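Chemist: File data-v5.pdb below, PDB, C-alpha atoms:
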```pdb
ATOM      1  CA  MET A 864       0.000   0.000   0.000
ATOM      2  CA  LYS A 865       1.335   3.393  -0.969
ATOM      3  CA  LYS A 866       1.710   5.831   1.905
ATOM      4  CA  LEU A 867      -0.182   9.117   1.972
ATOM      5  CA  GLY A 868       2.242  11.975   1.312
ATOM      6  CA  VAL A 869       1.584  14.804   3.778
ATOM      7  CA  CYS A 870       2.879  18.343   4.196
ATOM      8  CA  VAL A 871       2.504  20.226   7.484
ATOM      9  CA  VAL A 872       2.180  23.988   7.055
ATOM     10  CA  GLY A 873       3.109  25.934  10.159
ATOM     11  CA  VAL A 874       5.469  24.153  12.531
ATOM     12  CA  GLY A 875       4.987  26.120  15.711
ATOM     13  CA  GLU A 876       3.830  24.219  18.787
ATOM     14  CA  MET A 877       0.751  22.538  17.281
ATOM     15  CA  GLY A 878       2.220  22.033  13.817
ATOM     16  CA  LYS A 879       5.344  20.461  15.241
ATOM     17  CA  ARG A 880       3.157  18.066  17.226
ATOM     18  CA  HIS A 881       1.285  17.098  14.039
ATOM     19  CA  ALA A 882       4.605  16.608  12.231
ATOM     20  CA  GLU A 883       5.989  14.446  15.050
ATOM     21  CA  ASN A 884       2.852  12.307  15.115
ATOM     22  CA  LEU A 885       2.861  11.845  11.354
ATOM     23  CA  ARG A 886       6.561  11.071  11.298
ATOM     24  CA  ARG A 887       6.565   8.620  14.198
ATOM     25  CA  HIS A 888       3.081   7.213  14.765
ATOM     26  CA  VAL A 889       1.121   7.022  11.502
ATOM     27  CA  PRO A 890       2.558   4.202   9.415
ATOM     28  CA  GLU A 891       0.108   4.846   6.568
ATOM     29  CA  ALA A 892       1.454   8.394   6.098
ATOM     30  CA  GLN A 893       4.768   9.772   4.954
ATOM     31  CA  LEU A 894       5.663  13.260   6.133
ATOM     32  CA  VAL A 895       7.065  14.531   2.858
ATOM     33  CA  ALA A 896       7.556  18.208   3.658
ATOM     34  CA  ILE A 897       7.058  20.974   6.181
ATOM     35  CA  ALA A 898       6.634  24.690   5.630
ATOM     36  CA  ASP A 899       6.835  27.720   7.879
ATOM     37  CA  VAL A 900       7.604  31.397   7.320
ATOM     38  CA  SER A 901      10.329  31.204   9.978
ATOM     39  CA  VAL A 902      13.561  29.927   8.441
ATOM     40  CA  GLN A 903      14.963  29.087  11.868
ATOM     41  CA  ARG A 904      11.870  27.177  13.004
ATOM     42  CA  VAL A 905      11.440  25.167   9.796
ATOM     43  CA  GLN A 906      15.132  24.223   9.733
ATOM     44  CA  GLN A 907      15.093  23.215  13.412
ATOM     45  CA  VAL A 908      11.998  21.018  13.051
ATOM     46  CA  ALA A 909      13.326  19.496   9.825
ATOM     47  CA  ALA A 910      16.572  18.579  11.572
ATOM     48  CA  GLU A 911      14.844  17.197  14.694
ATOM     49  CA  LEU A 912      12.413  15.047  12.703
ATOM     50  CA  GLU A 913      14.814  14.204   9.860
ATOM     51  CA  ILE A 914      12.597  15.731   7.185
ATOM     52  CA  GLU A 915      14.366  16.253   3.887
ATOM     53  CA  HIS A 916      12.069  18.899   2.396
ATOM     54  CA  ALA A 917      11.591  22.090   4.430
ATOM     55  CA  TYR A 918      10.227  25.275   2.888
ATOM     56  CA  THR A 919       9.526  28.879   3.764
ATOM     57  CA  SER A 920       7.221  29.042   0.734
ATOM     58  CA  ILE A 921       3.868  27.429   1.448
ATOM     59  CA  GLU A 922       3.029  27.264  -2.248
ATOM     60  CA  GLU A 923       6.288  25.506  -3.106
ATOM     61  CA  ALA A 924       5.706  22.914  -0.382
ATOM     62  CA  ILE A 925       2.097  22.105  -1.258
ATOM     63  CA  ASP A 926       2.772  22.043  -4.988
ATOM     64  CA  ARG A 927       4.970  18.965  -4.582
ATOM     65  CA  LYS A 928       3.551  16.068  -6.587
ATOM     66  CA  ASP A 929       4.183  13.605  -3.738
ATOM     67  CA  VAL A 930       2.063  15.667  -1.323
ATOM     68  CA  ARG A 931      -1.550  14.490  -1.363
ATOM     69  CA  ALA A 932      -2.717  16.048   1.897
ATOM     70  CA  VAL A 933      -1.918  19.209   3.839
ATOM     71  CA  VAL A 934      -2.157  19.780   7.590
ATOM     72  CA  ILE A 935      -2.614  23.479   8.365
ATOM     73  CA  ALA A 936      -1.358  24.678  11.743
ATOM     74  CA  THR A 937      -0.474  28.278  10.991
ATOM     75  CA  PRO A 938      -1.697  31.178  13.126
ATOM     76  CA  ASP A 939      -5.496  31.411  12.882
ATOM     77  CA  LYS A 940      -5.562  34.482  10.644
ATOM     78  CA  PHE A 941      -3.804  32.541   7.867
ATOM     79  CA  HIS A 942      -5.947  29.387   7.890
ATOM     80  CA  ALA A 943      -8.427  30.403   5.188
ATOM     81  CA  GLY A 944      -5.734  31.519   2.764
ATOM     82  CA  VAL A 945      -3.751  28.314   3.148
ATOM     83  CA  VAL A 946      -6.945  26.264   2.754
ATOM     84  CA  GLN A 947      -7.584  28.068  -0.526
ATOM     85  CA  ALA A 948      -4.000  27.486  -1.726
ATOM     86  CA  ALA A 949      -4.099  23.797  -0.792
ATOM     87  CA  ALA A 950      -7.480  23.336  -2.455
ATOM     88  CA  ALA A 951      -6.234  25.057  -5.615
ATOM     89  CA  ALA A 952      -3.312  22.618  -5.621
ATOM     90  CA  GLY A 953      -5.780  19.706  -5.423
ATOM     91  CA  LYS A 954      -4.773  18.556  -1.933
ATOM     92  CA  ASP A 955      -7.008  17.156   0.797
ATOM     93  CA  ILE A 956      -6.842  19.276   3.944
ATOM     94  CA  LEU A 957      -6.855  19.004   7.724
ATOM     95  CA  CYS A 958      -7.066  22.522   9.151
ATOM     96  CA  GLU A 959      -6.689  23.359  12.803
ATOM     97  CA  LYS A 960      -9.607  25.345  14.175
ATOM     98  CA  PRO A 961     -10.851  27.890  13.402
ATOM     99  CA  LEU A 962     -11.319  27.602   9.665
ATOM    100  CA  ALA A 963     -11.214  31.389   9.381
ATOM    101  CA  ILE A 964     -11.453  34.585  11.388
ATOM    102  CA  THR A 965     -14.358  36.068   9.434
ATOM    103  CA  LEU A 966     -17.471  34.580   7.915
ATOM    104  CA  ASP A 967     -16.493  35.906   4.473
ATOM    105  CA  ASP A 968     -13.084  34.222   4.686
ATOM    106  CA  ALA A 969     -14.684  30.963   5.821
ATOM    107  CA  GLN A 970     -17.143  31.047   2.933
ATOM    108  CA  SER A 971     -14.319  31.769   0.459
ATOM    109  CA  ALA A 972     -12.309  28.853   1.826
ATOM    110  CA  LEU A 973     -15.296  26.508   1.621
ATOM    111  CA  GLU A 974     -16.024  27.644  -1.923
ATOM    112  CA  ALA A 975     -12.409  26.941  -2.935
ATOM    113  CA  VAL A 976     -12.705  23.437  -1.448
ATOM    114  CA  ARG A 977     -16.015  22.843  -3.251
ATOM    115  CA  ARG A 978     -14.622  24.046  -6.598
ATOM    116  CA  ALA A 979     -11.520  21.878  -6.263
ATOM    117  CA  GLY A 980     -13.452  18.801  -5.145
ATOM    118  CA  VAL A 981     -11.031  18.087  -2.306
ATOM    119  CA  ARG A 982     -11.785  16.976   1.237
ATOM    120  CA  LEU A 983     -11.550  19.321   4.211
ATOM    121  CA  GLN A 984     -11.698  18.530   7.893
ATOM    122  CA  VAL A 985     -11.414  21.105  10.637
ATOM    123  CA  GLY A 986      -9.536  19.628  13.573
ATOM    124  CA  PHE A 987     -11.115  19.573  17.006
ATOM    125  CA  MET A 988      -8.289  17.479  18.369
ATOM    126  CA  ARG A 989      -9.129  17.725  22.051
ATOM    127  CA  ARG A 990     -12.859  17.112  21.833
ATOM    128  CA  TYR A 991     -12.472  13.665  23.425
ATOM    129  CA  ASP A 992      -9.683  14.563  25.846
ATOM    130  CA  PRO A 993     -10.874  13.387  29.295
ATOM    131  CA  ALA A 994     -10.215  16.800  30.886
ATOM    132  CA  TYR A 995     -12.264  18.570  28.205
ATOM    133  CA  VAL A 996     -15.076  16.027  28.483
ATOM    134  CA  ALA A 997     -15.173  16.517  32.268
ATOM    135  CA  ALA A 998     -15.222  20.308  31.887
ATOM    136  CA  THR A 999     -18.031  20.131  29.327
ATOM    137  CA  GLN A1000     -20.054  17.867  31.593
ATOM    138  CA  ALA A1001     -19.462  20.141  34.577
ATOM    139  CA  VAL A1002     -20.612  23.221  32.651
ATOM    140  CA  GLY A1003     -23.576  21.364  31.182
ATOM    141  CA  SER A1004     -24.796  20.169  34.572
ATOM    142  CA  ARG A1005     -25.288  23.687  35.928
TER
END
```
Represent the structure of the file as structure tokens.
Modeler:
Amino acid sequence: MKKLGVCVVGVGEMGKRHAENLRRHVPEAQLVAIADVSVQRVQQVAAELEIEHAYTSIEEAIDRKDVRAVVIATPDKFHAGVVQAAAAAGKDILCEKPLAITLDDAQSALEAVRRAGVRLQVGFMRRYDPAYVAATQAVGSR
């Protein structure tokens, strides 16, 4: 079975965690590339995780032919734009929440995904975390 080629865009705290998980714990995926606007951060994460392809250009990273899916973990204000770029490149997308800062940006991102016919999932990674479940139950019981 061919592995799913993935690019992580934004390798700050959350993006680095996604990259580590993909690199070490998801045998069906191959972390092909990472991208971040910070040269220092992208080089450091690439060295730590032994990733050959590290970019400061998001477009260059997601345009790779061996990348089939993109994980977006940039600062929130950039999510919608990266979703649109990934969709235009024909890549399936996992985007950290929120999808966008404004309703207009969210609608533009969703339209780009619809036009491209790619899949998009917005990550709510901690929804089932026991501490979050307990907090939700505590708030809901009041």
Chemist: At a cut-off of 9 Å around the point (-13.4, 19.9, 4.5) (file coordinates), what residues fall inside when counting all atoms listed in the file? I'd like the answer as an MDAnalysis selection string.
Modeler: chainID A and resid 955:958 973 976:977 981:985
Chemist: When you look at segment 877-883 of chain A with a cut-off of 6 Å (counting all atoms listed in the file), what residues show up, excluding the ones that are within fewer than 4 positions of it in the same chain? I need them as a VMD selection string.
Modeler: chain A and resid 873 887 936
Chemist: Which residues, protein or nucleic acid, reach to within 8 Å of (3.3, 15.4, -1.5) in the file's coordinates when using all atoms listed in the file, and can you give that as a PDB file with C-alpha atoms, in the frame of the given file?
Modeler:
```
ATOM      1  CA  LEU A 867      -0.182   9.117   1.972  1.00  0.00           C
ATOM      2  CA  GLY A 868       2.242  11.975   1.312  1.00  0.00           C
ATOM      3  CA  VAL A 869       1.584  14.804   3.778  1.00  0.00           C
ATOM      4  CA  CYS A 870       2.879  18.343   4.196  1.00  0.00           C
ATOM      5  CA  VAL A 895       7.065  14.531   2.858  1.00  0.00           C
ATOM      6  CA  ALA A 896       7.556  18.208   3.658  1.00  0.00           C
ATOM      7  CA  ALA A 924       5.706  22.914  -0.382  1.00  0.00           C
ATOM      8  CA  ILE A 925       2.097  22.105  -1.258  1.00  0.00           C
ATOM      9  CA  ASP A 926       2.772  22.043  -4.988  1.00  0.00           C
ATOM     10  CA  ARG A 927       4.970  18.965  -4.582  1.00  0.00           C
ATOM     11  CA  LYS A 928       3.551  16.068  -6.587  1.00  0.00           C
ATOM     12  CA  ASP A 929       4.183  13.605  -3.738  1.00  0.00           C
ATOM     13  CA  VAL A 930       2.063  15.667  -1.323  1.00  0.00           C
ATOM     14  CA  ARG A 931      -1.550  14.490  -1.363  1.00  0.00           C
ATOM     15  CA  ALA A 932      -2.717  16.048   1.897  1.00  0.00           C
TER      16      ALA A 932
END
```
Chemist: What's the separation between atom CA of Glu911 of chain A and atom CA of Met988 of chain A, in Å to one decimal place?
Modeler: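 Atom CA of Glu911 of chain A sits 23.4 Å away from atom CA of Met988 of chain A.
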Chemist: Pick from A:Glu922, A:Leu966, A:Thr937, A:Arg989: nearest to Ala949 of chain A, with all atoms listed in the file counted?
Modeler: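 Checking each of A:Glu922, A:Leu966, A:Thr937, A:Arg989 against Ala949 of chain A, counting all atoms listed in the file, the winner is A:Glu922.
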Chemist: Report the distance between atom CA of Val945 of chain A and atom CA of Tyr995 of chain A in Å, rounded to one decimal place.
Modeler: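 These two atoms are separated by 28.2 Å.
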Chemist: So how many Å separate atom CA of Ile897 of chain A and atom CA of Asp967 of chain A, to one decimal?
Modeler: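 For atom CA of Ile897 of chain A relative to atom CA of Asp967 of chain A, the distance reads 27.9 Å.
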Chemist: Find the residues around Gln907 of chain A up to 10 Å (all atoms listed in the file counted), leave out those fewer than 6 positions away in its own chain, and share them as a PyMOL selection string.
Modeler: chain A and resi 874+901+913+917
Chemist: For Gly953 of chain A, which residue out of A:Arg978, A:His888, A:His916, A:Arg904 is the nearest one, using all atoms listed in the file?
Modeler: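 Among the listed residues, the smallest separation from Gly953 of chain A belongs to A:Arg978.
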Chemist: Nearest residue to Ser971 of chain A out of A:Val946, A:Ala1001, A:Val900, A:Ile914, using all atoms listed in the file?
Modeler: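 Nearest to Ser971 of chain A: A:Val946.
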